[in-house]
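For reference, data.pdb is printed below; it contains PDB, C-alpha atoms, pLDDT in the B column.
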```pdb
MODEL        1
ATOM      1  CA  MET A  57     -19.092 -36.353  50.920  1.00 80.00           C
ATOM      2  CA  PHE A  58     -18.113 -36.106  47.257  1.00 82.00           C
ATOM      3  CA  GLU A  59     -21.642 -34.993  46.333  1.00 88.00           C
ATOM      4  CA  ALA A  60     -21.540 -32.187  48.920  1.00 87.00           C
ATOM      5  CA  VAL A  61     -18.248 -30.856  47.530  1.00 85.00           C
ATOM      6  CA  LYS A  62     -19.540 -31.208  43.980  1.00 85.00           C
ATOM      7  CA  ASN A  63     -22.748 -29.308  44.838  1.00 85.00           C
ATOM      8  CA  PHE A  64     -20.732 -26.584  46.593  1.00 82.00           C
ATOM      9  CA  VAL A  65     -18.449 -26.111  43.581  1.00 76.00           C
ATOM     10  CA  ILE A  66     -21.382 -26.059  41.151  1.00 79.00           C
ATOM     11  CA  ASP A  67     -23.248 -23.531  43.335  1.00 78.00           C
ATOM     12  CA  MET A  68     -20.167 -21.344  43.616  1.00 71.00           C
ATOM     13  CA  PHE A  69     -19.574 -21.252  39.866  1.00 72.00           C
ATOM     14  CA  GLU A  70     -23.240 -20.673  38.991  1.00 76.00           C
ATOM     15  CA  SER A  71     -24.331 -18.064  41.503  1.00 76.00           C
ATOM     16  CA  HIS A  72     -21.235 -16.260  42.782  1.00 68.00           C
ATOM     17  CA  ARG A  73     -19.422 -14.696  39.843  1.00 70.00           C
ATOM     18  CA  THR A  74     -17.087 -12.496  41.879  1.00 75.00           C
ATOM     19  CA  ARG A  75     -16.038 -15.449  43.987  1.00 73.00           C
ATOM     20  CA  LYS A  76     -15.327 -17.362  40.802  1.00 75.00           C
ATOM     21  CA  VAL A  77     -13.101 -14.585  39.480  1.00 75.00           C
ATOM     22  CA  GLY A  78     -11.326 -14.318  42.833  1.00 80.00           C
ATOM     23  CA  PHE A  79     -10.808 -18.061  42.994  1.00 80.00           C
ATOM     24  CA  ILE A  80      -9.344 -18.217  39.491  1.00 82.00           C
ATOM     25  CA  ALA A  81      -7.145 -15.160  40.119  1.00 84.00           C
ATOM     26  CA  GLY A  82      -5.850 -16.661  43.358  1.00 88.00           C
ATOM     27  CA  LEU A  83      -5.216 -19.988  41.707  1.00 88.00           C
ATOM     28  CA  CYS A  84      -3.304 -18.360  38.839  1.00 90.00           C
ATOM     29  CA  THR A  85      -1.319 -16.161  41.241  1.00 90.00           C
ATOM     30  CA  GLY A  86      -0.363 -19.123  43.387  1.00 92.00           C
ATOM     31  CA  ALA A  87       0.709 -21.151  40.370  1.00 92.00           C
ATOM     32  CA  ALA A  88       2.731 -18.220  39.020  1.00 92.00           C
ATOM     33  CA  ILE A  89       4.507 -17.765  42.364  1.00 91.00           C
ATOM     34  CA  LEU A  90       5.365 -21.444  42.479  1.00 93.00           C
ATOM     35  CA  LEU A  91       6.583 -21.548  38.867  1.00 93.00           C
ATOM     36  CA  LEU A  92       8.191 -18.111  38.432  1.00 92.00           C
ATOM     37  CA  GLY A  93       9.004 -16.907  41.937  1.00 93.00           C
ATOM     38  CA  PHE A  94       7.573 -14.102  44.045  1.00 93.00           C
ATOM     39  CA  PHE A  95       9.363 -11.092  42.568  1.00 93.00           C
ATOM     40  CA  ASN A  96       8.867 -12.152  38.956  1.00 93.00           C
ATOM     41  CA  THR A  97       5.159 -12.632  39.645  1.00 91.00           C
ATOM     42  CA  LEU A  98       5.022  -9.277  41.422  1.00 91.00           C
ATOM     43  CA  PHE A  99       6.627  -7.602  38.390  1.00 93.00           C
ATOM     44  CA  ILE A 100       4.106  -9.211  36.027  1.00 91.00           C
ATOM     45  CA  VAL A 101       1.186  -8.135  38.236  1.00 90.00           C
ATOM     46  CA  LEU A 102       2.507  -4.555  38.423  1.00 91.00           C
ATOM     47  CA  CYS A 103       2.901  -4.425  34.637  1.00 91.00           C
ATOM     48  CA  GLY A 104      -0.659  -5.669  34.292  1.00 89.00           C
ATOM     49  CA  LEU A 105      -1.939  -3.009  36.686  1.00 87.00           C
ATOM     50  CA  VAL A 106      -0.104  -0.263  34.795  1.00 87.00           C
ATOM     51  CA  GLY A 107      -1.618  -1.576  31.566  1.00 85.00           C
ATOM     52  CA  LEU A 108      -5.064  -1.615  33.162  1.00 82.00           C
ATOM     53  CA  PHE A 109      -4.614   1.983  34.338  1.00 81.00           C
ATOM     54  CA  VAL A 110      -3.440   3.230  30.929  1.00 75.00           C
ATOM     55  CA  GLY A 111      -6.173   1.293  29.137  1.00 76.00           C
ATOM     56  CA  SER A 112      -8.857   2.721  31.400  1.00 75.00           C
ATOM     57  CA  ARG A 113      -7.543   6.238  30.709  1.00 72.00           C
ATOM     58  CA  PHE A 114      -7.750   5.668  26.957  1.00 71.00           C
ATOM     59  CA  ASP A 115     -11.250   4.201  27.310  1.00 72.00           C
ATOM     60  CA  SER A 116     -12.448   7.234  29.242  1.00 70.00           C
ATOM     61  CA  LYS A 117     -11.463   9.484  26.308  1.00 67.00           C
ATOM     62  CA  ASP A 118      -8.945  11.239  28.526  1.00 65.00           C
ATOM     63  CA  ASP A 119      -6.099  12.728  26.502  1.00 72.00           C
ATOM     64  CA  LEU A 120      -3.377  10.808  28.284  1.00 69.00           C
ATOM     65  CA  VAL A 121      -0.637  11.483  25.736  1.00 73.00           C
ATOM     66  CA  GLU A 122      -1.161  15.239  25.999  1.00 77.00           C
ATOM     67  CA  LYS A 123      -0.985  15.085  29.807  1.00 77.00           C
ATOM     68  CA  ILE A 124       2.237  13.049  29.647  1.00 77.00           C
ATOM     69  CA  LEU A 125       3.815  15.562  27.251  1.00 77.00           C
ATOM     70  CA  ILE A 126       2.819  18.474  29.488  1.00 79.00           C
ATOM     71  CA  LYS A 127       4.245  16.700  32.560  1.00 78.00           C
ATOM     72  CA  LEU A 128       7.496  15.934  30.705  1.00 79.00           C
ATOM     73  CA  ASP A 129       7.696  19.574  29.660  1.00 79.00           C
ATOM     74  CA  GLU A 130       7.515  20.589  33.328  1.00 80.00           C
ATOM     75  CA  VAL A 131      10.003  17.993  34.575  1.00 79.00           C
ATOM     76  CA  LEU A 132      12.718  17.918  31.896  1.00 77.00           C
ATOM     77  CA  PRO A 133      15.368  20.618  31.665  1.00 72.00           C
ATOM     78  CA  GLU A 134      15.011  23.143  28.865  1.00 71.00           C
ATOM     79  CA  ARG A 135      17.946  21.851  26.812  1.00 66.00           C
ATOM     80  CA  ILE A 136      16.398  18.356  26.565  1.00 66.00           C
ATOM     81  CA  GLN A 137      12.948  19.543  25.501  1.00 60.00           C
ATOM     82  CA  ARG A 138      12.265  19.333  21.767  1.00 61.00           C
ATOM     83  CA  TRP A 139       9.063  21.306  21.632  1.00 56.00           C
TER
ENDMDL
END
```
Structure encoded using structure tokens:
Amino acid sequence: MFEAVKNFVIDMFESHRTRKVGFIAGLCTGAAILLLGFFNTLFIVLCGLVGLFVGSRFDSKDDLVEKILIKLDEVLPERIQRW
């Protein structure tokens, strides 16, 4: 019985990389929910996703700062705008 579980775990970690990442992510998420609570963990995950989004924009050579400034220029009232 122990050998079958051991062989399954070894096979999973050697041949199925996406399953390994999913397993580790699920394990970390479960531990974080138990230690920190659901909403604190949700906040941390959302911050990580925002960071991933911004980082991917910078990696793609997209001028993110310029787009943010243009969007702020459209949204903010004229008396608040500095430029």
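Between atom CA of Lys62 of chain A and atom CA of Val77 of chain A lies a distance of 18.4 Å.
A straight line drawn from atom CA of Leu91 of chain A to atom CA of Gly107 of chain A is 22.8 Å long.
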Who sits within 9 Å of segment 100-104 of chain A, only C-alpha atoms, same chain under 5 positions skipped, as an MDAnalysis selection string: chainID A and resid 85 95 109
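Of note, atom CA of Phe64 of chain A and atom CA of Gly86 of chain A are spaced 21.9 Å apart.
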